[in-house]
Amino acid sequence: LQQANEQLKQKEAQFRILVQNSPDLVIQYDPEMRILFVNDTVEKITGQPVSAFMGKTFHDIRTHTEASRAYEEEFIAKFALACEQQAPV
């Protein structure tokens, strides 16, 4: 059991390094579309620190345009469907 826990910790550390060093934006949302996690790439793209995004919705951080509302509606629909199917978004 101790060896399995150690292997899990190593895999989690490897995954964390992969996500933090990804040139792609990686975001985790809650069901209300609040940002729970965003990797450091957001700062490279926007010039704003990660902390400026935490707990905010896409709609909060974007201009209130029709495009941002459409994105939000589509994301919520896909998120709800994935939750029903218990599948990754």
# chains A, B, ... in the order shown; residues from 1 in each chain; ligands from 1

call {"tool": "select_by_dssp", "arguments": {"residues": "range 32-63 of chain A", "states": "helix (DSSP H, G or I)", "output": "list of chain:residue names"}}
result
A:Thr41, A:Val42, A:Glu43, A:Lys44, A:Ile45, A:Thr46, A:Val50, A:Ser51, A:Ala52, A:Phe58, A:His59, A:Asp60, A:Ile61

call {"tool": "closest_residue", "arguments": {"among": "A:Asp30, A:Glu12, A:Glu6, A:Asp24", "to": "Ile76 in chain A", "atoms": "only C-alpha atoms"}}
result
A:Asp30

call {"tool": "select_by_dssp", "arguments": {"residues": "range 9-85 of chain A", "states": "strand (DSSP E)", "output": "short mmCIF file (atom, residue, chain, number, x, y, z; two decimals) with all heavy atoms, in the first residue's frame"}}
result
data_model
loop_
_atom_site.label_atom_id
_atom_site.label_comp_id
_atom_site.auth_asym_id
_atom_site.auth_seq_id
_atom_site.Cartn_x
_atom_site.Cartn_y
_atom_site.Cartn_z
N ILE A 27 -7.51 24.77 -18.11
CA ILE A 27 -8.44 25.37 -17.15
C ILE A 27 -9.37 24.29 -16.62
O ILE A 27 -9.88 23.47 -17.38
CB ILE A 27 -9.30 26.48 -17.79
CG1 ILE A 27 -8.42 27.54 -18.43
CG2 ILE A 27 -10.22 27.12 -16.77
CD1 ILE A 27 -9.19 28.57 -19.24
N GLN A 28 -9.61 24.32 -15.31
CA GLN A 28 -10.60 23.46 -14.69
C GLN A 28 -11.72 24.34 -14.16
O GLN A 28 -11.46 25.31 -13.44
CB GLN A 28 -10.00 22.64 -13.56
CG GLN A 28 -11.00 21.75 -12.86
CD GLN A 28 -10.41 21.05 -11.65
OE1 GLN A 28 -9.35 21.42 -11.16
NE2 GLN A 28 -11.11 20.04 -11.18
N TYR A 29 -12.94 24.02 -14.53
CA TYR A 29 -14.12 24.78 -14.11
C TYR A 29 -14.97 23.95 -13.14
O TYR A 29 -14.95 22.73 -13.22
CB TYR A 29 -15.02 25.10 -15.31
CG TYR A 29 -14.44 26.00 -16.35
CD1 TYR A 29 -13.88 25.50 -17.50
CD2 TYR A 29 -14.51 27.38 -16.20
CE1 TYR A 29 -13.37 26.33 -18.49
CE2 TYR A 29 -14.00 28.22 -17.18
CZ TYR A 29 -13.44 27.69 -18.32
OH TYR A 29 -12.96 28.52 -19.29
N ILE A 35 -13.68 29.33 -12.39
CA ILE A 35 -12.36 28.72 -12.61
C ILE A 35 -11.82 28.20 -11.27
O ILE A 35 -11.68 28.96 -10.31
CB ILE A 35 -11.39 29.73 -13.24
CG1 ILE A 35 -11.89 30.09 -14.65
CG2 ILE A 35 -9.98 29.16 -13.29
CD1 ILE A 35 -11.11 31.19 -15.33
N LEU A 36 -11.53 26.91 -11.25
CA LEU A 36 -10.94 26.27 -10.07
C LEU A 36 -9.43 26.18 -10.20
O LEU A 36 -8.71 26.19 -9.21
CB LEU A 36 -11.51 24.85 -9.90
CG LEU A 36 -13.01 24.73 -9.71
CD1 LEU A 36 -13.43 23.27 -9.68
CD2 LEU A 36 -13.44 25.44 -8.44
N PHE A 37 -8.96 26.04 -11.44
CA PHE A 37 -7.53 25.92 -11.70
C PHE A 37 -7.25 26.47 -13.08
O PHE A 37 -8.03 26.27 -14.01
CB PHE A 37 -7.09 24.44 -11.66
CG PHE A 37 -5.67 24.25 -12.14
CD1 PHE A 37 -4.61 24.43 -11.28
CD2 PHE A 37 -5.42 23.93 -13.46
CE1 PHE A 37 -3.30 24.27 -11.74
CE2 PHE A 37 -4.12 23.78 -13.93
CZ PHE A 37 -3.07 23.95 -13.06
N VAL A 38 -6.15 27.15 -13.21
CA VAL A 38 -5.64 27.57 -14.51
C VAL A 38 -4.12 27.52 -14.42
O VAL A 38 -3.53 27.91 -13.41
CB VAL A 38 -6.17 28.97 -14.93
CG1 VAL A 38 -5.73 30.05 -13.97
CG2 VAL A 38 -5.76 29.31 -16.35
#

call {"tool": "closest_residue", "arguments": {"among": "A:Gln20, A:Gln3, A:Thr57, A:Gln86", "to": "Asp40 in chain A", "atoms": "only C-alpha atoms"}}
result
A:Gln20

call {"tool": "closest_residue", "arguments": {"among": "A:Leu25, A:Leu1, A:Ala77, A:Ala13", "to": "Val50 in chain A", "atoms": "only C-alpha atoms"}}
result
A:Leu25
